[in-house]
Amino acid sequence: MSAVVVVGAGIVGAACAHSLSAAGAEVIVLDRGSVASGTTSRGEGNILVSDKEPGAELELARLSRDAWLEVGEELGRETLELEEKGGVVVAASPEALDALSSFAAAQRSAGVTALDVAEPRELEPHLRAGLAGGVLYPEDMQVQPVLAAAAMLEAAQRRGARFVAGADVVAGVRDASGRLTGVRTSAGEVIGADAVVNAAGTWGAQVSERLGGPVPVLPRRGFILVTEPLPPMVRHKVYSADYVANVSSSEAGLETSCVVEGTRGGTILIGASRERVGFDTTLDVDVVSTLASQATALFPFLERVNLLRVYRGFRPYCPDHLPVIGPDPRVPGLFHACGHEGAGIGLAPGTGRLIAHHVLGGGPLAPEVAARFTALLPDRFVQEA
Amino acid sequence: MSTFRFDDVSIPFRDGQSVGAALVAQGILSWRTTRLEGRPRGLFCGIGICFDCLVTVDGVPSQRACLVRARDGLDVTTQEGSGYAAE
């Protein structure tokens with residue numbers, strides 16, 4: 001039996017523990033904080049295919065969507081607040097609609113269900129009048145990420161996994177051949193392992209350096225506004241067509257695009273802003289007011305609704321906007337599963353399966369399925385000697 | 001003394017008092033019920049953070065009683081659920 005240390009108890013670490021323990025590995029999850037104490041608790045819980053162009057990330061999103069439904073089956077949809085609510089992307093102008101339509105056409109050819117919507121108000125009655133059109137993505141879903149991470153970790157623990165909170169990994173332990181044989185924690189404890197999975201999210205770069213196989217993962221700050229609880233007013237995840245352009249952009253400055261969705265609790269979440277400002281947690285009132293005005297432009301009723309609070313988090317991004325998933329070619333025994341940017345919740349269970357495949361050599365995925373994800377391997381960040 | 005209306009009762013207040021403080025001074029400790037289980041809520045934090053003490057003021061729902069300054073003739077009503085009519 002393989003002993004696997006997973007560093008990070010966010011949604012990705014929890015999903016890795018879930019998949020690895022299901023495949024028979026002996027798993028220990030370490031987190032310097034507690035469950036879901038990083039980026040996992042700072043998002044909206046999106047499980048999206050709608051914002052992804054054809055390629056490895058969309059493939060992972062589709063694999064993960066199926067995996068989320070299976071996780072929902074196993075652990076209970078109510079427990080996870082998993083909802084097949086669908087996403088609606090709206091275009092304000094005919095030009096934006098053209099761009100959206102060709103994006104959707106490319107996604108359709110990759111197997112995504114994308115339905116043209118002439119009048120988005122038929123789906124979302126409280127949208128403003130006069131939008132050019134939209135696309136409905138029935139496959140988009142939502143989950144409560146903190147509940148989901150905790151539930152997957154608990155399921156792994158029922159299969160014998162261990163979870164240690166407050167354990168900061170400070171270094172790797174290697175044998176004479178250079179193979180990683182365990183990790184050392186800040187308490188000085190050495191935990192032996194046949195494999196170590198770096199699932200440290202936005203802090204994945206630091207952990208990768210400590211373990212001797214650096215990968216570039218950087219923070220991209222985002223704010224989310226939370227309204228007071230309301231009766232159901234927004235049924236789908238609704239966002240403007242310029243969101244996709246913002247997600248894939250490499251601008252350092254502030255970018256905002258309007259994303260609006262309700263939650264089971266009745267609050268409405270309003271995003272999304274993107275800035276590369278390091279780990280600066282300062283509240284930026286200008287960002288908050290920009291997001292609020294974009295949201296009220298799309299849903300005029302929001303003008304009369306109170307905001308309860310604002311939270312912020314740091315998306316973990318790699319320079320090429322793809323997650324880094326797989327074995328590190330420099331350090332035998334080290335595997336990366338981080339850098340999912342704003343899509344980590346949605347991509348988590350597929351990542352867990354892919355990691356189980358890489359770590360255990362086989363596992364839950366057929367080889368031809370795993371071959372679709374070679375673009376995500378860490379090799380792309382390793383310079384040839 | 002100045003008063004505002006709270007449902008069918010007249011509530012006296014001192015100048016500068018919040019709606020919440022004036023209600024508590026009259027021995028009224030809860031004025032809202034929760035959305036899911038209908039449980040009673042009143043002042044909790046008292047400083048605008050917790051959103052527990054919500055009331056409807058002059059027809060506008062979800063105002064924080066701890067922050068709304070009492071004014072003569074204000075019409076304050078208890079709030080059930082979100083305070084908004086269902087869709």
# chains A, B, ... in the order shown; residues from 1 in each chain; ligands from 1

call {"tool": "residues_around", "arguments": {"residues": "stretch 329-332 of chain A", "least_positions_apart": "5", "cutoff": "12 Å", "atoms": "only C-alpha atoms", "output": "ChimeraX atom specification"}}
result
/A:172-182,193-197,208-215,358-359,377-385

call {"tool": "interface_residues", "arguments": {"of": "chain A", "to": "chain B", "cutoff": "12 Å", "atoms": "only C-alpha atoms", "output": "PyMOL selection string"}}
result
chain A and resi 125-126+227-235+264-267+301+304-310

call {"tool": "write_last_selection", "arguments": {"atoms": "N, CA, C and O atoms", "output": "compact mmCIF listing (two decimals), in the first residue's frame"}}
result
# COMPACT_ATOMS: atom_id res chain seq x y z
N PRO A 125 -36.09 36.74 -15.12
CA PRO A 125 -37.05 37.84 -15.31
C PRO A 125 -36.59 39.19 -14.77
O PRO A 125 -37.10 40.22 -15.19
N HIS A 126 -35.62 39.20 -13.86
CA HIS A 126 -35.23 40.48 -13.26
C HIS A 126 -34.04 41.14 -13.95
O HIS A 126 -33.55 42.17 -13.50
N THR A 227 -25.06 40.28 -0.65
CA THR A 227 -26.25 41.08 -0.31
C THR A 227 -26.98 40.48 0.88
O THR A 227 -26.68 39.36 1.32
N GLU A 228 -27.94 41.22 1.38
CA GLU A 228 -28.85 40.68 2.38
C GLU A 228 -29.64 39.51 1.76
O GLU A 228 -29.76 39.44 0.54
N PRO A 229 -30.14 38.60 2.58
CA PRO A 229 -30.93 37.48 2.05
C PRO A 229 -32.24 37.98 1.43
O PRO A 229 -32.89 38.87 1.98
N LEU A 230 -32.58 37.41 0.30
CA LEU A 230 -33.78 37.82 -0.43
C LEU A 230 -34.56 36.57 -0.83
O LEU A 230 -34.00 35.47 -0.86
N PRO A 231 -35.82 36.73 -1.18
CA PRO A 231 -36.50 35.61 -1.83
C PRO A 231 -35.78 35.33 -3.15
O PRO A 231 -35.06 36.20 -3.64
N PRO A 232 -35.96 34.15 -3.75
CA PRO A 232 -35.22 33.84 -4.98
C PRO A 232 -35.48 34.88 -6.08
O PRO A 232 -36.61 35.10 -6.48
N MET A 233 -34.43 35.54 -6.52
CA MET A 233 -34.54 36.55 -7.56
C MET A 233 -33.64 36.21 -8.75
O MET A 233 -33.90 36.62 -9.87
N VAL A 234 -32.54 35.51 -8.48
CA VAL A 234 -31.59 35.15 -9.53
C VAL A 234 -31.45 33.64 -9.50
O VAL A 234 -31.04 33.08 -8.49
N ARG A 235 -31.85 33.00 -10.61
CA ARG A 235 -31.97 31.54 -10.58
C ARG A 235 -30.71 30.83 -11.04
O ARG A 235 -30.36 29.78 -10.55
N ARG A 264 -28.07 29.25 -1.60
CA ARG A 264 -29.10 28.54 -0.87
C ARG A 264 -29.56 29.36 0.34
O ARG A 264 -30.72 29.34 0.73
N GLY A 265 -28.64 30.12 0.93
CA GLY A 265 -28.96 30.92 2.10
C GLY A 265 -29.78 32.16 1.80
O GLY A 265 -30.19 32.85 2.72
N GLY A 266 -29.98 32.48 0.51
CA GLY A 266 -30.78 33.63 0.14
C GLY A 266 -29.98 34.88 -0.22
O GLY A 266 -30.51 35.81 -0.81
N THR A 267 -28.69 34.88 0.14
CA THR A 267 -27.87 36.02 -0.25
C THR A 267 -27.58 35.95 -1.74
O THR A 267 -27.69 34.90 -2.36
N PHE A 301 -33.02 45.70 -9.87
CA PHE A 301 -33.60 45.60 -8.52
C PHE A 301 -32.53 45.67 -7.43
O PHE A 301 -32.82 46.04 -6.30
N ARG A 304 -31.81 48.66 -4.84
CA ARG A 304 -32.52 48.89 -3.57
C ARG A 304 -32.17 47.84 -2.51
O ARG A 304 -32.80 47.78 -1.48
N VAL A 305 -31.17 47.04 -2.79
CA VAL A 305 -30.83 45.93 -1.89
C VAL A 305 -29.57 46.29 -1.10
O VAL A 305 -28.64 46.89 -1.63
N ASN A 306 -29.56 45.94 0.18
CA ASN A 306 -28.39 46.22 1.02
C ASN A 306 -27.28 45.20 0.81
O ASN A 306 -27.55 44.02 0.59
N LEU A 307 -26.05 45.66 0.91
CA LEU A 307 -24.92 44.75 0.99
C LEU A 307 -24.67 44.41 2.45
O LEU A 307 -24.70 45.29 3.30
N LEU A 308 -24.44 43.13 2.73
CA LEU A 308 -24.09 42.73 4.09
C LEU A 308 -22.60 42.84 4.33
O LEU A 308 -22.15 43.26 5.38
N ARG A 309 -21.84 42.39 3.36
CA ARG A 309 -20.39 42.37 3.56
C ARG A 309 -19.67 42.16 2.25
O ARG A 309 -20.29 41.92 1.20
N VAL A 310 -18.36 42.25 2.33
CA VAL A 310 -17.49 42.05 1.18
C VAL A 310 -16.38 41.12 1.64
O VAL A 310 -15.90 41.26 2.76

call {"tool": "select_by_dssp", "arguments": {"residues": "stretch 50-253 of chain A", "states": "helix (DSSP H, G or I)", "output": "VMD selection string"}}
result
chain A and resid 56 to 75 77 to 80 94 to 109 120 to 122 145 to 158 201 to 210 242 to 248

call {"tool": "residues_around", "arguments": {"residues": "B:Ser30", "least_positions_apart": "2", "cutoff": "9 Å", "atoms": "only C-alpha atoms", "output": "short mmCIF file (atom, residue, chain, number, x, y, z; two decimals) with N, CA, C and O atoms, in the first residue's frame"}}
result
data_model
loop_
_atom_site.label_atom_id
_atom_site.label_comp_id
_atom_site.auth_asym_id
_atom_site.auth_seq_id
_atom_site.Cartn_x
_atom_site.Cartn_y
_atom_site.Cartn_z
N LEU B 23 -36.22 50.64 21.62
CA LEU B 23 -37.05 49.44 21.80
C LEU B 23 -36.63 48.69 23.06
O LEU B 23 -37.46 48.29 23.88
N VAL B 24 -35.32 48.50 23.22
CA VAL B 24 -34.82 47.78 24.39
C VAL B 24 -35.19 48.52 25.68
O VAL B 24 -35.57 47.91 26.68
N ILE B 28 -38.64 45.79 24.97
CA ILE B 28 -38.90 44.98 23.76
C ILE B 28 -37.57 44.41 23.29
O ILE B 28 -36.67 45.17 22.92
N ARG B 32 -37.85 40.63 15.13
CA ARG B 32 -37.71 40.03 13.82
C ARG B 32 -37.76 38.53 13.99
O ARG B 32 -37.38 38.02 15.06
N THR B 33 -38.23 37.80 12.97
CA THR B 33 -38.13 36.34 13.00
C THR B 33 -37.27 35.88 11.84
O THR B 33 -37.24 36.52 10.78
N PRO B 40 -36.92 34.19 17.08
CA PRO B 40 -36.89 35.63 17.41
C PRO B 40 -35.48 36.21 17.38
O PRO B 40 -34.52 35.55 17.78
N ARG B 41 -35.38 37.44 16.90
CA ARG B 41 -34.09 38.14 16.87
C ARG B 41 -34.28 39.59 17.28
O ARG B 41 -35.30 40.22 16.97
N GLY B 42 -33.25 40.12 17.96
CA GLY B 42 -33.24 41.54 18.33
C GLY B 42 -31.81 42.04 18.25
O GLY B 42 -31.07 41.63 17.36
N LEU B 43 -31.41 42.89 19.21
CA LEU B 43 -30.03 43.38 19.21
C LEU B 43 -29.09 42.24 19.54
O LEU B 43 -29.32 41.49 20.49
N CYS B 53 -30.60 42.57 13.96
CA CYS B 53 -31.67 43.43 14.53
C CYS B 53 -32.53 44.10 13.46
O CYS B 53 -33.03 45.19 13.67
N THR B 78 -42.15 45.24 12.60
CA THR B 78 -41.41 43.99 12.73
C THR B 78 -41.29 43.34 11.37
O THR B 78 -42.09 43.60 10.45
#

call {"tool": "atom_distance", "arguments": {"atom1": "atom CA of A:Phe373", "atom2": "atom CA of A:Gly342"}}
result
18.6 Å

call {"tool": "closest_residue", "arguments": {"among": "A:Gly43, A:Gly24, A:Gly253, A:Gly160", "to": "A:Ile11", "atoms": "only C-alpha atoms"}}
result
A:Gly43

call {"tool": "residues_around", "arguments": {"residues": "B:Asp15", "least_positions_apart": "4", "cutoff": "12 Å", "atoms": "only C-alpha atoms", "output": "list in words"}}
result
Met1, Ser2, Thr3, Phe4, Val19, Ala21, Ala22, Arg69, Ala70, Arg71 and Asp72 of chain B

call {"tool": "residues_around", "arguments": {"residues": "A:Asn198", "least_positions_apart": "5", "cutoff": "6 Å", "atoms": "only C-alpha atoms", "output": "ChimeraX atom specification"}}
result
/A:7,336-337

call {"tool": "write_last_selection", "arguments": {"atoms": "N, CA and C atoms", "output": "mmCIF file, in the first residue's frame"}}
result
data_model
loop_
_atom_site.group_PDB
_atom_site.id
_atom_site.type_symbol
_atom_site.label_atom_id
_atom_site.label_comp_id
_atom_site.auth_asym_id
_atom_site.auth_seq_id
_atom_site.Cartn_x
_atom_site.Cartn_y
_atom_site.Cartn_z
ATOM 1 N N VAL A 7 -0.421 17.912 0.896
ATOM 2 C CA VAL A 7 -0.185 19.191 1.565
ATOM 3 C C VAL A 7 -1.278 20.166 1.130
ATOM 4 N N HIS A 336 2.385 17.723 -8.181
ATOM 5 C CA HIS A 336 1.730 19.016 -7.989
ATOM 6 C C HIS A 336 0.255 18.915 -8.355
ATOM 7 N N ALA A 337 -0.567 19.651 -7.610
ATOM 8 C CA ALA A 337 -2.004 19.758 -7.907
ATOM 9 C C ALA A 337 -2.437 21.139 -7.438
#

call {"tool": "residues_around", "arguments": {"residues": "stretch 129-134 of chain A", "least_positions_apart": "5", "cutoff": "10 Å", "atoms": "only C-alpha atoms", "output": "number ranges by chain"}}
result
A: 88-98, 100-101, 114-121, 238-241, 298-300

call {"tool": "residues_around", "arguments": {"residues": "A:Gly339", "least_positions_apart": "5", "cutoff": "12 Å", "atoms": "only C-alpha atoms", "output": "VMD selection string"}}
result
chain A and resid 12 39 57 198 to 205 208 215 to 220 314 to 326 344 to 345 347 to 348 351 376 to 378

call {"tool": "atom_distance", "arguments": {"atom1": "atom CA of B:Leu54", "atom2": "atom CA of B:Gln79"}}
result
7.1 Å

call {"tool": "atom_distance", "arguments": {"atom1": "atom CA of B:Gln26", "atom2": "atom CA of B:Phe6"}}
result
11.1 Å

call {"tool": "closest_residue", "arguments": {"among": "A:Leu60, A:Arg42, A:Ala161, A:Gly313", "to": "A:Thr282", "atoms": "only C-alpha atoms"}}
result
A:Gly313

call {"tool": "decode", "arguments": {"residues": "stretch 374-385 of chain A", "atoms": "all heavy atoms", "output": "compact mmCIF listing (two decimals), in the first residue's frame"}}
result
# COMPACT_ATOMS: atom_id res chain seq x y z
N THR A 374 -2.02 16.06 -20.70
CA THR A 374 -0.57 16.25 -20.70
C THR A 374 -0.19 17.73 -20.69
O THR A 374 0.88 18.09 -20.20
CB THR A 374 0.07 15.57 -21.93
OG1 THR A 374 -0.64 16.00 -23.09
CG2 THR A 374 -0.01 14.06 -21.83
N ALA A 375 -1.09 18.60 -21.20
CA ALA A 375 -0.79 20.05 -21.18
C ALA A 375 -0.72 20.61 -19.77
O ALA A 375 -0.24 21.72 -19.56
CB ALA A 375 -1.83 20.81 -21.99
N LEU A 376 -1.23 19.84 -18.79
CA LEU A 376 -1.24 20.32 -17.41
C LEU A 376 -0.02 19.87 -16.62
O LEU A 376 0.17 20.28 -15.47
CB LEU A 376 -2.53 19.84 -16.71
CG LEU A 376 -3.84 20.14 -17.44
CD1 LEU A 376 -5.02 19.61 -16.63
CD2 LEU A 376 -4.00 21.63 -17.71
N LEU A 377 0.81 19.03 -17.20
CA LEU A 377 1.95 18.46 -16.47
C LEU A 377 2.94 19.55 -16.06
O LEU A 377 3.08 20.57 -16.77
CB LEU A 377 2.67 17.42 -17.34
CG LEU A 377 1.88 16.13 -17.62
CD1 LEU A 377 2.60 15.28 -18.66
CD2 LEU A 377 1.68 15.33 -16.33
N PRO A 378 3.65 19.34 -14.96
CA PRO A 378 4.63 20.34 -14.50
C PRO A 378 5.80 20.52 -15.47
O PRO A 378 6.50 21.53 -15.40
CB PRO A 378 5.16 19.75 -13.18
CG PRO A 378 4.18 18.72 -12.78
CD PRO A 378 3.52 18.22 -14.02
N ASP A 379 6.01 19.56 -16.36
CA ASP A 379 7.15 19.61 -17.27
C ASP A 379 7.28 20.94 -18.00
O ASP A 379 8.38 21.36 -18.36
CB ASP A 379 7.04 18.48 -18.31
CG ASP A 379 6.90 17.12 -17.65
OD1 ASP A 379 5.94 16.95 -16.85
OD2 ASP A 379 7.76 16.26 -17.89
N ARG A 380 6.15 21.62 -18.23
CA ARG A 380 6.22 22.86 -18.99
C ARG A 380 6.95 23.98 -18.25
O ARG A 380 7.32 24.97 -18.84
CB ARG A 380 4.80 23.32 -19.38
CG ARG A 380 3.91 23.76 -18.22
CD ARG A 380 2.47 23.89 -18.71
NE ARG A 380 1.61 24.69 -17.86
CZ ARG A 380 0.89 24.23 -16.86
NH1 ARG A 380 0.94 22.94 -16.54
NH2 ARG A 380 0.10 25.03 -16.18
N PHE A 381 7.13 23.81 -16.94
CA PHE A 381 7.82 24.83 -16.17
C PHE A 381 9.28 24.44 -15.86
O PHE A 381 9.96 25.13 -15.13
CB PHE A 381 7.09 25.11 -14.86
CG PHE A 381 5.71 25.66 -15.06
CD1 PHE A 381 4.61 25.01 -14.53
CD2 PHE A 381 5.52 26.81 -15.80
CE1 PHE A 381 3.33 25.52 -14.73
CE2 PHE A 381 4.26 27.32 -16.00
CZ PHE A 381 3.16 26.67 -15.48
N VAL A 382 9.69 23.29 -16.37
CA VAL A 382 11.02 22.81 -16.05
C VAL A 382 11.94 23.06 -17.25
O VAL A 382 11.69 22.55 -18.34
CB VAL A 382 10.99 21.30 -15.71
CG1 VAL A 382 12.39 20.79 -15.44
CG2 VAL A 382 10.07 21.05 -14.53
N GLN A 383 12.95 23.88 -17.02
CA GLN A 383 13.87 24.19 -18.12
C GLN A 383 14.80 23.00 -18.33
O GLN A 383 15.26 22.38 -17.38
CB GLN A 383 14.67 25.43 -17.76
CG GLN A 383 13.76 26.61 -17.54
CD GLN A 383 14.49 27.91 -17.62
OE1 GLN A 383 15.68 27.97 -17.35
NE2 GLN A 383 13.78 28.95 -17.99
N GLU A 384 15.06 22.74 -19.59
CA GLU A 384 15.97 21.63 -19.88
C GLU A 384 17.38 22.03 -19.51
O GLU A 384 17.81 23.14 -19.73
CB GLU A 384 15.86 21.27 -21.36
CG GLU A 384 14.45 20.78 -21.66
CD GLU A 384 14.35 20.12 -23.03
OE1 GLU A 384 15.39 19.76 -23.57
OE2 GLU A 384 13.21 19.99 -23.50
N ALA A 385 18.09 21.07 -18.92
CA ALA A 385 19.45 21.35 -18.44
C ALA A 385 20.39 21.56 -19.63
O ALA A 385 20.17 21.05 -20.70
CB ALA A 385 19.94 20.20 -17.59
